[in-house]
>>> print(open('structure.csv').read())   # CSV, C-alpha atoms and all ligand atoms
chain,number,residue,atom,x,y,z
Q,1,PHE,CA,103.6,179.0,65.9
Q,2,PRO,CA,102.8,178.1,62.3
Q,3,SER,CA,99.4,178.9,60.7
Q,4,VAL,CA,96.7,176.2,60.7
Q,5,LEU,CA,97.3,175.5,56.9
Q,6,GLU,CA,101.0,175.0,57.2
Q,7,LYS,CA,102.2,171.4,57.1
Q,8,LEU,CA,104.1,170.6,60.3
Q,9,PRO,CA,107.1,168.3,60.2
Q,10,ILE,CA,106.6,164.6,61.2
Q,11,ASP,CA,108.8,163.5,64.1
Q,12,ASP,CA,110.2,160.1,63.5
Q,13,SER,CA,113.4,160.6,65.5
Q,14,ASN,CA,112.3,158.2,68.2
Q,15,PRO,CA,113.1,154.5,67.6
Q,16,SER,CA,109.7,153.3,68.5
Q,17,ILE,CA,107.1,156.0,68.0
Q,18,VAL,CA,106.2,158.5,65.2
Q,19,ARG,CA,104.3,161.7,65.9
Q,20,ASP,CA,102.4,163.4,63.0
Q,21,PRO,CA,101.1,166.8,64.4
Q,22,ASN,CA,99.1,167.3,61.2
Q,23,ARG,CA,96.7,164.5,62.2
Q,24,CYS,CA,96.4,165.7,65.8
Q,25,ILE,CA,92.8,166.7,66.9
Q,26,LYS,CA,94.1,168.0,70.2
Q,27,CYS,CA,92.0,165.6,72.2
Q,28,GLY,CA,94.7,165.4,74.9
Q,29,ARG,CA,94.4,161.6,75.5
Q,30,CYS,CA,98.1,161.1,74.9
Q,31,ILE,CA,98.9,163.8,77.5
Q,32,ASP,CA,96.6,162.3,80.0
Q,33,VAL,CA,98.0,158.7,79.7
Q,34,CYS,CA,101.6,160.0,79.8
Q,35,LYS,CA,101.0,162.1,82.9
Q,36,THR,CA,98.4,160.2,84.9
Q,37,VAL,CA,99.2,156.6,84.1
Q,38,GLN,CA,102.9,156.8,83.6
Q,39,GLY,CA,103.7,159.8,85.8
Q,40,ILE,CA,105.8,161.4,83.0
Q,41,SER,CA,105.1,164.5,81.0
Q,42,VAL,CA,106.5,164.0,77.6
Q,43,LEU,CA,103.6,165.8,75.8
Q,44,ASP,CA,101.6,168.9,76.7
Q,45,THR,CA,99.6,171.6,75.0
Q,46,MET,CA,101.4,174.8,73.8
Q,47,GLY,CA,100.0,177.9,72.2
Q,48,ARG,CA,96.4,179.2,72.0
Q,49,GLY,CA,93.4,179.0,69.7
Q,50,HIS,CA,94.1,177.7,66.2
Q,51,ASP,CA,97.8,177.6,66.9
Q,52,MET,CA,97.5,175.3,69.9
Q,53,GLN,CA,99.5,172.1,69.5
Q,54,VAL,CA,100.0,168.9,71.5
Q,55,THR,CA,103.8,168.7,71.5
Q,56,THR,CA,106.9,168.3,73.5
Q,57,ALA,CA,108.4,171.0,75.7
Q,58,TYR,CA,110.2,173.6,73.5
Q,59,HIS,CA,109.1,171.5,70.5
Q,60,LYS,CA,112.0,169.1,71.1
Q,61,LEU,CA,112.3,165.9,69.1
Q,62,LEU,CA,110.8,162.8,70.7
Q,63,SER,CA,114.3,161.3,70.8
Q,64,ASP,CA,115.5,164.2,73.0
Q,65,VAL,CA,112.9,164.0,75.8
Q,66,VAL,CA,112.3,161.7,78.7
Q,67,CYS,CA,110.3,159.1,76.8
Q,68,THR,CA,110.2,155.4,77.7
Q,69,TYR,CA,108.8,154.4,74.3
Q,70,CYS,CA,106.0,152.4,76.1
Q,71,GLY,CA,103.6,153.6,73.3
Q,72,GLN,CA,100.7,154.2,75.6
Q,73,CYS,CA,100.2,157.5,73.8
Q,74,ALA,CA,99.9,155.6,70.5
Q,75,ALA,CA,97.5,153.1,72.0
Q,76,VAL,CA,95.0,155.9,73.0
Q,77,CYS,CA,95.4,158.2,70.0
Q,78,PRO,CA,92.0,158.0,68.1
Q,79,VAL,CA,93.4,159.4,64.8
Q,80,GLY,CA,96.9,157.8,64.4
Q,81,ALA,CA,98.7,161.1,65.1
Q,82,ILE,CA,101.0,159.0,67.3
Q,83,HIS,CA,101.8,155.5,66.1
Q,84,GLU,CA,104.5,152.9,66.2
Q,85,LYS,CA,107.4,153.1,63.7
Q,86,ASP,CA,106.2,150.9,60.9
Q,87,ASP,CA,108.7,148.1,60.2
Q,88,THR,CA,106.5,146.0,58.0
Q,89,ASP,CA,108.3,147.0,54.8
Q,90,ARG,CA,111.7,146.0,56.3
Q,91,VAL,CA,110.3,142.6,57.2
Q,92,TRP,CA,108.7,142.1,53.7
Q,93,SER,CA,112.1,142.9,52.2
Q,94,ALA,CA,113.8,140.3,54.4
Q,95,ILE,CA,111.2,137.7,53.6
Q,96,HIS,CA,111.8,138.3,49.9
Q,97,ASP,CA,115.6,138.2,50.2
Q,98,THR,CA,116.7,134.8,49.1
Q,99,ASN,CA,120.0,135.2,51.0
Q,100,LYS,CA,118.2,135.5,54.4
Q,101,HIS,CA,116.9,132.8,56.6
Q,102,VAL,CA,114.0,134.5,58.2
Q,103,ILE,CA,112.6,133.3,61.5
Q,104,VAL,CA,110.1,134.7,63.9
Q,105,GLN,CA,109.3,134.5,67.6
Q,106,VAL,CA,105.9,135.2,69.1
Q,107,ALA,CA,105.3,136.8,72.5
Q,108,PRO,CA,102.8,135.3,75.0
Q,109,ALA,CA,100.6,138.5,75.1
Q,110,ILE,CA,99.5,138.5,71.5
Q,111,ARG,CA,97.9,135.1,71.0
Q,112,VAL,CA,94.4,136.4,72.0
Q,113,SER,CA,94.8,140.1,71.0
Q,114,LEU,CA,95.7,139.3,67.4
Q,115,GLY,CA,92.3,137.6,67.0
Q,116,GLU,CA,90.6,140.7,68.3
Q,117,GLU,CA,92.4,142.8,65.8
Q,118,LEU,CA,91.3,140.4,63.0
Q,119,ASN,CA,87.6,140.5,64.1
Q,120,LEU,CA,87.4,137.2,65.9
Q,121,SER,CA,85.2,137.0,68.9
Q,122,PHE,CA,86.7,138.6,72.1
Q,123,GLY,CA,88.9,136.2,74.0
Q,124,SER,CA,89.5,133.7,71.2
Q,125,ILE,CA,92.9,131.9,71.6
Q,126,VAL,CA,94.4,132.0,68.1
Q,127,THR,CA,97.9,130.6,68.7
Q,128,GLY,CA,97.6,127.8,66.0
Q,129,LYS,CA,96.1,130.1,63.4
Q,130,LEU,CA,98.8,132.7,64.2
Q,131,ILE,CA,101.5,130.2,63.5
Q,132,ALA,CA,99.8,129.1,60.2
Q,133,ALA,CA,99.5,132.8,59.1
Q,134,LEU,CA,103.2,133.5,59.8
Q,135,LYS,CA,104.2,130.4,57.7
Q,136,MET,CA,101.9,131.8,54.9
Q,137,LEU,CA,103.6,135.2,55.1
Q,138,GLY,CA,106.9,133.4,54.4
Q,139,PHE,CA,108.7,132.9,57.7
Q,140,THR,CA,110.9,129.8,57.6
Q,141,LYS,CA,110.5,128.9,61.3
Q,142,VAL,CA,108.0,130.1,63.9
Q,143,PHE,CA,109.2,129.9,67.5
Q,144,ASP,CA,107.6,130.6,70.8
Q,145,THR,CA,109.0,133.3,73.1
Q,146,ASN,CA,107.6,131.3,76.0
Q,147,PHE,CA,110.7,129.1,75.6
Q,148,THR,CA,113.0,132.0,76.5
Q,149,ALA,CA,110.6,133.3,79.1
Q,150,ASP,CA,111.3,130.0,80.8
Q,151,LEU,CA,115.0,130.7,80.5
Q,152,THR,CA,114.5,134.1,81.9
Q,153,ILE,CA,112.9,132.7,85.0
Q,154,ILE,CA,115.6,130.1,85.5
Q,155,GLU,CA,118.3,132.9,85.3
Q,156,GLU,CA,116.4,135.5,87.3
Q,157,GLY,CA,115.3,132.9,89.9
Q,158,HIS,CA,119.0,131.9,90.5
Q,159,GLU,CA,120.1,135.5,90.5
Q,160,LEU,CA,117.6,136.2,93.3
Q,161,ILE,CA,118.7,133.2,95.3
Q,162,ASP,CA,122.3,134.2,94.9
Q,163,ARG,CA,121.6,137.8,96.1
Q,164,ILE,CA,119.6,136.5,99.1
Q,165,LYS,CA,122.4,134.1,100.1
Q,166,LYS,CA,125.3,136.6,99.5
Q,167,GLY,CA,123.4,139.6,101.0
Q,168,ASP,CA,123.8,141.5,97.7
Q,169,THR,CA,121.7,144.4,96.7
Q,170,LEU,CA,118.0,144.0,97.5
Q,171,PRO,CA,115.2,144.4,96.6
Q,172,MET,CA,115.9,143.0,93.1
Q,173,PHE,CA,113.7,144.5,90.3
Q,174,THR,CA,112.7,142.5,87.3
Q,175,SER,CA,114.4,143.6,84.0
Q,176,CYS,CA,112.2,142.1,81.2
Q,177,CYS,CA,110.2,145.3,80.4
Q,178,PRO,CA,112.1,147.7,78.2
Q,179,GLY,CA,109.8,150.6,79.0
Q,180,TRP,CA,110.7,150.1,82.7
Q,181,ILE,CA,114.4,149.8,81.9
Q,182,ASN,CA,114.3,153.1,79.9
Q,183,TYR,CA,112.6,154.8,82.8
Q,184,VAL,CA,115.3,153.7,85.2
Q,185,GLU,CA,118.1,154.8,82.8
Q,186,GLN,CA,116.5,158.2,82.2
Q,187,LYS,CA,115.2,159.0,85.6
Q,188,HIS,CA,116.8,156.8,88.2
Q,189,PRO,CA,120.2,155.6,87.1
Q,190,ASP,CA,121.2,155.2,90.8
Q,191,MET,CA,118.8,152.2,90.8
Q,192,PHE,CA,120.8,150.2,88.3
Q,193,LYS,CA,122.3,147.8,90.9
Q,194,HIS,CA,118.7,146.8,91.9
Q,195,LEU,CA,117.9,145.6,88.4
Q,196,SER,CA,118.2,141.9,87.6
Q,197,THR,CA,121.0,141.4,85.1
Q,198,CYS,CA,118.9,139.1,82.9
Q,199,LYS,CA,118.0,140.0,79.3
Q,200,SER,CA,114.4,140.0,78.4
Q,201,PRO,CA,112.9,136.9,76.8
Q,202,GLN,CA,112.9,138.7,73.4
Q,203,GLN,CA,116.6,139.3,73.6
Q,204,MET,CA,117.4,135.9,75.1
Q,205,PHE,CA,115.7,134.4,72.0
Q,206,GLY,CA,117.7,136.7,69.7
Q,207,ALA,CA,121.0,135.8,71.3
Q,208,LEU,CA,120.2,132.1,71.1
Q,209,ALA,CA,119.1,132.4,67.4
Q,210,LYS,CA,122.4,134.0,66.4
Q,211,SER,CA,124.6,131.6,68.4
Q,212,TYR,CA,123.1,128.2,69.3
Q,213,TYR,CA,120.6,128.0,66.5
Q,214,SER,CA,123.1,129.4,64.0
Q,215,GLN,CA,125.6,126.7,64.9
Q,216,ARG,CA,123.0,123.9,65.0
Q,217,GLU,CA,121.6,124.8,61.6
Q,218,ASN,CA,125.0,125.7,60.1
Q,219,ILE,CA,123.9,129.2,59.0
Q,220,LYS,CA,126.0,132.3,59.5
Q,221,PRO,CA,124.5,134.6,62.2
Q,222,GLU,CA,124.5,137.5,59.7
Q,223,ASP,CA,122.4,135.4,57.3
Q,224,ILE,CA,119.7,134.8,59.9
Q,225,TYR,CA,117.0,137.5,60.2
Q,226,VAL,CA,115.2,137.4,63.5
Q,227,VAL,CA,111.7,139.0,63.7
Q,228,SER,CA,109.7,139.4,66.9
Q,229,ILE,CA,106.0,139.8,67.2
Q,230,MET,CA,105.4,141.8,70.4
Q,231,PRO,CA,102.6,143.7,72.1
Q,232,CYS,CA,105.2,146.4,72.7
Q,233,THR,CA,106.6,149.5,71.1
Q,234,ALA,CA,109.5,149.8,73.5
Q,235,LYS,CA,110.8,146.4,72.2
Q,236,LYS,CA,111.7,148.1,68.9
Q,237,TYR,CA,114.2,150.2,70.8
Q,238,GLU,CA,115.4,147.4,72.9
Q,239,ALA,CA,116.3,145.4,69.8
Q,240,GLN,CA,118.4,148.3,68.5
Q,241,ARG,CA,120.6,148.6,71.6
Q,242,THR,CA,124.2,148.0,70.5
Q,243,GLU,CA,124.8,145.7,73.6
Q,244,MET,CA,122.0,143.4,72.2
Q,245,SER,CA,124.0,142.4,69.1
Q,246,VAL,CA,126.7,140.1,67.8
Q,247,ASN,CA,130.0,142.0,68.3
Q,248,GLY,CA,128.1,145.3,68.4
Q,249,ILE,CA,127.3,145.1,64.7
Q,250,ASP,CA,124.7,142.4,63.8
Q,251,PRO,CA,121.5,142.8,66.0
Q,252,ASP,CA,120.3,139.7,67.8
Q,253,VAL,CA,116.8,140.7,66.9
Q,254,ASP,CA,116.6,142.4,63.5
Q,255,ALA,CA,113.0,143.7,63.5
Q,256,VAL,CA,110.1,144.0,65.9
Q,257,LEU,CA,106.5,144.1,64.8
Q,258,THR,CA,103.6,145.0,67.0
Q,259,THR,CA,100.4,143.1,67.1
Q,260,ARG,CA,98.8,145.8,64.9
Q,261,GLU,CA,101.6,145.6,62.4
Q,262,LEU,CA,101.3,141.8,62.1
Q,263,ALA,CA,97.6,142.1,61.6
Q,264,LYS,CA,98.3,144.7,58.8
Q,265,MET,CA,100.7,142.2,57.0
Q,266,ILE,CA,98.1,139.4,57.3
Q,267,LYS,CA,95.5,141.8,55.7
Q,268,GLN,CA,98.0,142.9,53.0
Q,269,MET,CA,98.5,139.2,52.1
Q,270,GLY,CA,94.7,138.7,51.9
Q,271,ILE,CA,94.8,135.8,54.3
Q,272,ASP,CA,91.4,134.5,55.5
Q,273,PHE,CA,92.7,134.2,59.1
Q,274,ASN,CA,89.6,132.5,60.6
Q,275,SER,CA,89.7,129.7,58.1
Q,276,LEU,CA,93.4,128.7,58.7
Q,277,ARG,CA,94.2,125.2,59.9
Q,278,GLU,CA,96.0,125.4,63.2
Q,279,MET,CA,99.7,124.6,63.3
Q,280,ARG,CA,102.2,124.1,66.1
Q,281,PHE,CA,105.4,126.0,66.9
Q,282,ASP,CA,108.6,124.7,65.5
Q,283,LYS,CA,110.9,122.6,67.6
Q,284,PRO,CA,112.9,122.6,69.8
Q,285,ASP,CA,111.0,125.2,71.8
Q,286,GLU,CA,107.4,124.1,71.3
Q,287,VAL,CA,107.4,122.7,74.9
Q,288,THR,CA,107.1,125.5,77.4
Q,289,SER,CA,105.8,125.9,80.9
Q,290,GLY,CA,102.5,127.5,82.1
Q,291,ALA,CA,104.7,129.9,84.1
Q,292,ALA,CA,106.0,131.3,80.8
Q,293,ALA,CA,102.5,131.8,79.4
Q,294,ILE,CA,101.5,134.1,82.3
Q,295,PHE,CA,104.4,136.5,81.6
Q,296,GLY,CA,102.1,138.6,79.5
Q,297,ALA,CA,100.0,139.8,82.5
Q,298,THR,CA,101.0,141.9,85.5
Q,299,GLY,CA,102.2,139.6,88.3
Q,300,GLY,CA,103.0,136.8,85.8
Q,301,VAL,CA,106.8,137.2,86.0
Q,302,MET,CA,106.7,137.3,89.8
Q,303,GLU,CA,104.5,134.2,90.0
Q,304,ALA,CA,106.7,132.3,87.6
Q,305,ALA,CA,109.8,133.3,89.6
Q,306,LEU,CA,108.3,132.3,92.9
Q,307,ARG,CA,107.4,128.9,91.5
Q,308,THR,CA,111.1,128.3,90.6
Q,309,VAL,CA,112.8,130.0,93.6
Q,310,ILE,CA,110.6,128.3,96.3
Q,311,GLU,CA,110.9,124.9,94.8
Q,312,ILE,CA,114.7,125.2,94.5
Q,313,LEU,CA,115.2,126.5,98.1
Q,314,ASP,CA,112.6,124.2,99.7
Q,315,GLU,CA,114.1,121.2,97.8
Q,316,LYS,CA,110.7,119.7,97.2
Q,317,PRO,CA,107.8,120.2,94.7
Q,318,LEU,CA,105.4,123.1,95.5
Q,319,ASP,CA,102.2,122.2,97.3
Q,320,SER,CA,100.4,124.7,95.1
Q,321,ILE,CA,101.8,126.5,92.0
Q,322,GLU,CA,99.3,129.4,92.2
Q,323,PHE,CA,100.1,132.6,94.0
Q,324,ASP,CA,96.8,134.5,94.0
Q,325,LYS,CA,98.0,137.5,95.8
Q,326,VAL,CA,100.2,138.7,92.9
Q,327,ARG,CA,97.3,138.3,90.4
Q,328,GLY,CA,94.6,140.9,89.5
Q,329,MET,CA,94.6,144.4,88.3
Q,330,GLY,CA,95.7,146.3,91.4
Q,331,GLY,CA,98.3,149.0,90.7
Q,332,ILE,CA,100.6,147.7,93.4
Q,333,LYS,CA,100.1,144.2,94.9
Q,334,GLU,CA,102.2,142.6,97.6
Q,335,ALA,CA,102.5,139.2,99.2
Q,336,GLY,CA,104.4,137.4,101.9
Q,337,VAL,CA,106.1,134.2,100.8
Q,338,THR,CA,107.5,131.6,103.2
Q,339,ILE,CA,110.6,129.9,102.1
Q,340,LYS,CA,112.4,127.4,104.4
Q,341,GLY,CA,110.5,128.8,107.4
Q,342,GLU,CA,111.4,132.5,106.6
Q,343,THR,CA,108.9,135.0,105.2
Q,344,ILE,CA,110.0,137.4,102.5
Q,345,LYS,CA,107.8,140.2,101.0
Q,346,VAL,CA,107.4,140.7,97.3
Q,347,ALA,CA,105.6,143.4,95.3
Q,348,VAL,CA,104.2,143.8,91.8
Q,349,ALA,CA,103.6,147.2,90.2
Q,350,GLN,CA,102.0,148.0,86.8
Q,351,THR,CA,102.5,151.4,85.2
Q,352,LEU,CA,105.4,153.7,85.9
Q,353,SER,CA,103.6,156.0,88.3
Q,354,ASN,CA,103.1,153.0,90.6
Q,355,ALA,CA,106.7,151.9,90.0
Q,356,GLU,CA,107.8,155.4,91.1
Q,357,ILE,CA,106.1,154.8,94.5
Q,358,LEU,CA,108.2,151.6,95.0
Q,359,ILE,CA,111.4,153.3,93.9
Q,360,GLN,CA,110.9,156.1,96.4
Q,361,GLN,CA,110.6,153.6,99.2
Q,362,VAL,CA,113.9,152.0,98.1
Q,363,LYS,CA,115.6,155.4,98.0
Q,364,ALA,CA,114.2,156.2,101.5
Q,365,GLY,CA,115.4,152.9,102.9
Q,366,THR,CA,111.9,151.9,103.8
Q,367,SER,CA,111.2,149.2,101.2
Q,368,PRO,CA,110.1,146.0,102.9
Q,369,TYR,CA,110.4,144.0,99.7
Q,370,THR,CA,113.0,141.4,98.6
Q,371,PHE,CA,111.8,141.1,95.0
Q,372,ILE,CA,109.7,143.6,92.9
Q,373,GLU,CA,108.2,143.1,89.4
Q,374,ILE,CA,107.6,146.2,87.3
Q,375,MET,CA,105.6,146.3,84.1
Q,376,ALA,CA,105.3,149.7,82.4
Q,377,CYS,CA,101.9,149.2,80.7
Q,378,PRO,CA,98.5,149.0,82.4
Q,379,GLY,CA,97.8,145.3,83.0
Q,380,GLY,CA,101.3,144.3,81.9
Q,381,CYS,CA,102.1,143.4,78.3
Q,382,VAL,CA,98.4,142.5,77.5
Q,383,GLY,CA,97.8,146.3,77.7
Q,384,GLY,CA,101.0,147.1,75.7
Q,385,GLY,CA,101.4,150.1,73.4
Q,386,GLY,CA,101.4,147.8,70.3
Q,387,GLN,CA,98.2,146.0,71.1
Q,388,PRO,CA,94.9,146.5,69.2
Q,389,TYR,CA,93.3,149.9,70.0
Q,390,GLY,CA,90.9,149.9,72.9
Q,391,THR,CA,92.5,147.1,75.0
Q,392,THR,CA,94.2,149.4,77.6
Q,393,HIS,CA,92.8,148.8,81.0
Q,394,GLN,CA,92.0,151.1,83.9
Q,395,VAL,CA,94.5,150.7,86.8
Q,396,SER,CA,93.9,151.6,90.4
Q,401,LIG,FE1,106.5,146.5,76.6
Q,401,LIG,FE2,105.2,144.8,78.2
Q,401,LIG,FE3,106.8,146.7,79.2
Q,401,LIG,FE4,104.6,147.5,78.1
Q,401,LIG,S1,104.7,146.2,80.0
Q,401,LIG,S2,106.6,148.4,77.8
Q,401,LIG,S3,104.3,145.9,76.5
Q,401,LIG,S4,107.4,144.9,78.0
>>> encode(input="structure.csv", output="structure tokens", more="lines below")
Ligand code: SF4
Amino acid sequence: FPSVLEKLPIDDSNPSIVRDPNRCIKCGRCIDVCKTVQGISVLDTMGRGHDMQVTTAYHKLLSDVVCTYCGQCAAVCPVGAIHEKDDTDRVWSAIHDTNKHVIVQVAPAIRVSLGEELNLSFGSIVTGKLIAALKMLGFTKVFDTNFTADLTIIEEGHELIDRIKKGDTLPMFTSCCPGWINYVEQKHPDMFKHLSTCKSPQQMFGALAKSYYSQRENIKPEDIYVVSIMPCTAKKYEAQRTEMSVNGIDPDVDAVLTTRELAKMIKQMGIDFNSLREMRFDKPDEVTSGAAAIFGATGGVMEAALRTVIEILDEKPLDSIEFDKVRGMGGIKEAGVTIKGETIKVAVAQTLSNAEILIQQVKAGTSPYTFIEIMACPGGCVGGGGQPYGTTHQVS
């Protein structure tokens, strides 16, 4: 172990998270959240006395360990020893590049939390001001990720109906949380066939931007620069996957900023956020459903999917669009849903340690569920690793 005065190398090997051991005060919060909330053990203490460090096993790089990039360690670190990879400079460069048409999408989970990061009163809805701020920063168009959350639900809902009708692999797991997808890839690849084949709303937007939008606006895909504002650090990695690109070369989403990074850019620009006049999202995707808006909270994807699936199969409008049993902060919630006289069971889990319980049921052949929603972060994306510090919730 190095002496206390020696500068330790910063680990930025991971696509989402940077670890600077020189700032670490050894409080152990990152270890606690990784072990107890997520059920993983990426970080632990090694050594004794002054030489004790919070680090990975055998001092491996963060890119070489089982890390889902959920960023919960960054969200609880009080000194910034673990933080998201900062992409603000890349985005500033794109905005100032006159050859680029720079557009941005905004996730549902940030339109309250951004206000908290910018010192507005707790719970303020800042969607209109957020759009105005993004225009002032220099984005040409500001779109709503809720539009592609609606597309996700249509796709995922039909996939579930198909699987039920054909007797294909069930239960089907949701696939819109990249932290969860990383977990399955790294720990349970035998569960692949249970995952929905749908891209996440972020990536559906990126794919549409570089195909449909590109053709409609007559702009080459490589000249369009797509930025996402997300509550999530894992989305930075998701956007870098080669399968999420045009011909494996041009990424569908070029850069992902967390809520904290966007707040930083707004402060760098000296924008008086609170005094901005509210604006609306650009067309065509300014009209979105209430089902898309609830994607940001645990149970939201499930509730949105049930609204679609039940209405399609029952061939009549829903009597009530609210499914209370999948709401709330329980670690695992379940509900029975009656469709055409038959009852199916569905489950919703938040955090990966709760997801693990449901996975083990599937592996043991005892899972009673037809459809399962998993969100890696406590409370869902509202408690994401890129949200303002101090918003992570306690989970049962
Ligand atoms: Fe990202 Fe949301 Fe999944 Fe957390 S729950 S990893 S914020 S998509």
>>> residues_near_ligand(input="structure.csv", ligand="ligand LIG 401 (chain Q)", cutoff="6 Å", atoms="all atoms listed in the file", output="list in words")
Cys70, Cys177, Pro178, Gly179, Pro231, Cys232, Ala234, Met375, Ala376, Cys377, Gly380, Cys381, Gly384 and Gly385 of chain Q
>>> write_last_selection(input="structure.csv", atoms="C-alpha atoms", output="PDB file, keeping the file's coordinate frame")
ATOM      1  CA  CYS Q  70     106.000 152.400  76.100  1.00  0.00           C
ATOM      2  CA  CYS Q 177     110.200 145.300  80.400  1.00  0.00           C
ATOM      3  CA  PRO Q 178     112.100 147.700  78.200  1.00  0.00           C
ATOM      4  CA  GLY Q 179     109.800 150.600  79.000  1.00  0.00           C
ATOM      5  CA  PRO Q 231     102.600 143.700  72.100  1.00  0.00           C
ATOM      6  CA  CYS Q 232     105.200 146.400  72.700  1.00  0.00           C
ATOM      7  CA  ALA Q 234     109.500 149.800  73.500  1.00  0.00           C
ATOM      8  CA  MET Q 375     105.600 146.300  84.100  1.00  0.00           C
ATOM      9  CA  ALA Q 376     105.300 149.700  82.400  1.00  0.00           C
ATOM     10  CA  CYS Q 377     101.900 149.200  80.700  1.00  0.00           C
ATOM     11  CA  GLY Q 380     101.300 144.300  81.900  1.00  0.00           C
ATOM     12  CA  CYS Q 381     102.100 143.400  78.300  1.00  0.00           C
ATOM     13  CA  GLY Q 384     101.000 147.100  75.700  1.00  0.00           C
ATOM     14  CA  GLY Q 385     101.400 150.100  73.400  1.00  0.00           C
TER      15      GLY Q 385
END
>>> residues_around(input="structure.csv", residues="Glu185 in chain Q", least_positions_apart="6", cutoff="10 Å", atoms="all atoms listed in the file", output="PDB file with C-alpha atoms, keeping the file's coordinate frame")
ATOM      1  CA  VAL Q  66     112.300 161.700  78.700  1.00  0.00           C
ATOM      2  CA  THR Q  68     110.200 155.400  77.700  1.00  0.00           C
ATOM      3  CA  MET Q 191     118.800 152.200  90.800  1.00  0.00           C
ATOM      4  CA  PHE Q 192     120.800 150.200  88.300  1.00  0.00           C
TER       5      PHE Q 192
END
>>> residues_around(input="structure.csv", residues="Glu373 in chain Q", least_positions_apart="6", cutoff="8 Å", atoms="all atoms listed in the file", output="list of chain:residue names")
Q:Phe173, Q:Thr174, Q:Gly299, Q:Val301, Q:Met302, Q:Ala347, Q:Val348, Q:Ala349
>>> closest_residue(input="structure.csv", among="Q:Gly386, Q:Gly248, Q:Pro21, Q:Gly115", to="Phe273 in chain Q", atoms="all atoms listed in the file")
Q:Gly115
>>> closest_residue(input="structure.csv", among="Q:Ile321, Q:Leu262, Q:Ala297, Q:Ala207", to="Asp250 in chain Q", atoms="only C-alpha atoms")
Q:Ala207
>>> residues_around(input="structure.csv", residues="Gln202 in chain Q", least_positions_apart="3", cutoff="9 Å", atoms="all atoms listed in the file", output="tab-separated table (two decimals) with C-alpha atoms, keeping the file's coordinate frame")
chain	number	residue	atom	x	y	z
Q	105	GLN	CA	109.30	134.50	67.60
Q	106	VAL	CA	105.90	135.20	69.10
Q	107	ALA	CA	105.30	136.80	72.50
Q	145	THR	CA	109.00	133.30	73.10
Q	148	THR	CA	113.00	132.00	76.50
Q	149	ALA	CA	110.60	133.30	79.10
Q	176	CYS	CA	112.20	142.10	81.20
Q	199	LYS	CA	118.00	140.00	79.30
Q	205	PHE	CA	115.70	134.40	72.00
Q	206	GLY	CA	117.70	136.70	69.70
Q	207	ALA	CA	121.00	135.80	71.30
Q	228	SER	CA	109.70	139.40	66.90
Q	230	MET	CA	105.40	141.80	70.40
Q	235	LYS	CA	110.80	146.40	72.20
Q	239	ALA	CA	116.30	145.40	69.80
Q	253	VAL	CA	116.80	140.70	66.90
>>> residues_around(input="structure.csv", residues="Leu114 in chain Q", least_positions_apart="3", cutoff="12 Å", atoms="all atoms listed in the file", output="CSV table (one decimal) with C-alpha atoms, in the coordinates of the input")
chain,number,residue,atom,x,y,z
Q,106,VAL,CA,105.9,135.2,69.1
Q,107,ALA,CA,105.3,136.8,72.5
Q,108,PRO,CA,102.8,135.3,75.0
Q,109,ALA,CA,100.6,138.5,75.1
Q,110,ILE,CA,99.5,138.5,71.5
Q,111,ARG,CA,97.9,135.1,71.0
Q,117,GLU,CA,92.4,142.8,65.8
Q,118,LEU,CA,91.3,140.4,63.0
Q,119,ASN,CA,87.6,140.5,64.1
Q,120,LEU,CA,87.4,137.2,65.9
Q,121,SER,CA,85.2,137.0,68.9
Q,122,PHE,CA,86.7,138.6,72.1
Q,123,GLY,CA,88.9,136.2,74.0
Q,124,SER,CA,89.5,133.7,71.2
Q,125,ILE,CA,92.9,131.9,71.6
Q,126,VAL,CA,94.4,132.0,68.1
Q,127,THR,CA,97.9,130.6,68.7
Q,128,GLY,CA,97.6,127.8,66.0
Q,129,LYS,CA,96.1,130.1,63.4
Q,130,LEU,CA,98.8,132.7,64.2
Q,131,ILE,CA,101.5,130.2,63.5
Q,133,ALA,CA,99.5,132.8,59.1
Q,229,ILE,CA,106.0,139.8,67.2
Q,230,MET,CA,105.4,141.8,70.4
Q,231,PRO,CA,102.6,143.7,72.1
Q,258,THR,CA,103.6,145.0,67.0
Q,259,THR,CA,100.4,143.1,67.1
Q,260,ARG,CA,98.8,145.8,64.9
Q,261,GLU,CA,101.6,145.6,62.4
Q,262,LEU,CA,101.3,141.8,62.1
Q,263,ALA,CA,97.6,142.1,61.6
Q,264,LYS,CA,98.3,144.7,58.8
Q,265,MET,CA,100.7,142.2,57.0
Q,266,ILE,CA,98.1,139.4,57.3
Q,267,LYS,CA,95.5,141.8,55.7
Q,273,PHE,CA,92.7,134.2,59.1
Q,274,ASN,CA,89.6,132.5,60.6
Q,382,VAL,CA,98.4,142.5,77.5
Q,386,GLY,CA,101.4,147.8,70.3
Q,387,GLN,CA,98.2,146.0,71.1
Q,388,PRO,CA,94.9,146.5,69.2
Q,389,TYR,CA,93.3,149.9,70.0
Q,391,THR,CA,92.5,147.1,75.0
>>> residues_around(input="structure.csv", residues="Thr338 in chain Q", least_positions_apart="4", cutoff="10 Å", atoms="only C-alpha atoms", output="PyMOL selection string")
chain Q and resi 310+314+342-345
>>> closest_residue(input="structure.csv", among="Q:Asp324, Q:Phe147, Q:Leu318, Q:Leu134", to="Leu276 in chain Q", atoms="only C-alpha atoms")
Q:Leu134
>>> closest_residue(input="structure.csv", among="Q:Lys165, Q:Ile372, Q:Tyr225, Q:Ile17", to="Leu195 in chain Q", atoms="all atoms listed in the file")
Q:Ile372
>>> atom_distance(input="structure.csv", atom1="CA of Ala209 in chain Q", atom2="CA of Asp282 in chain Q")
13.2 Å
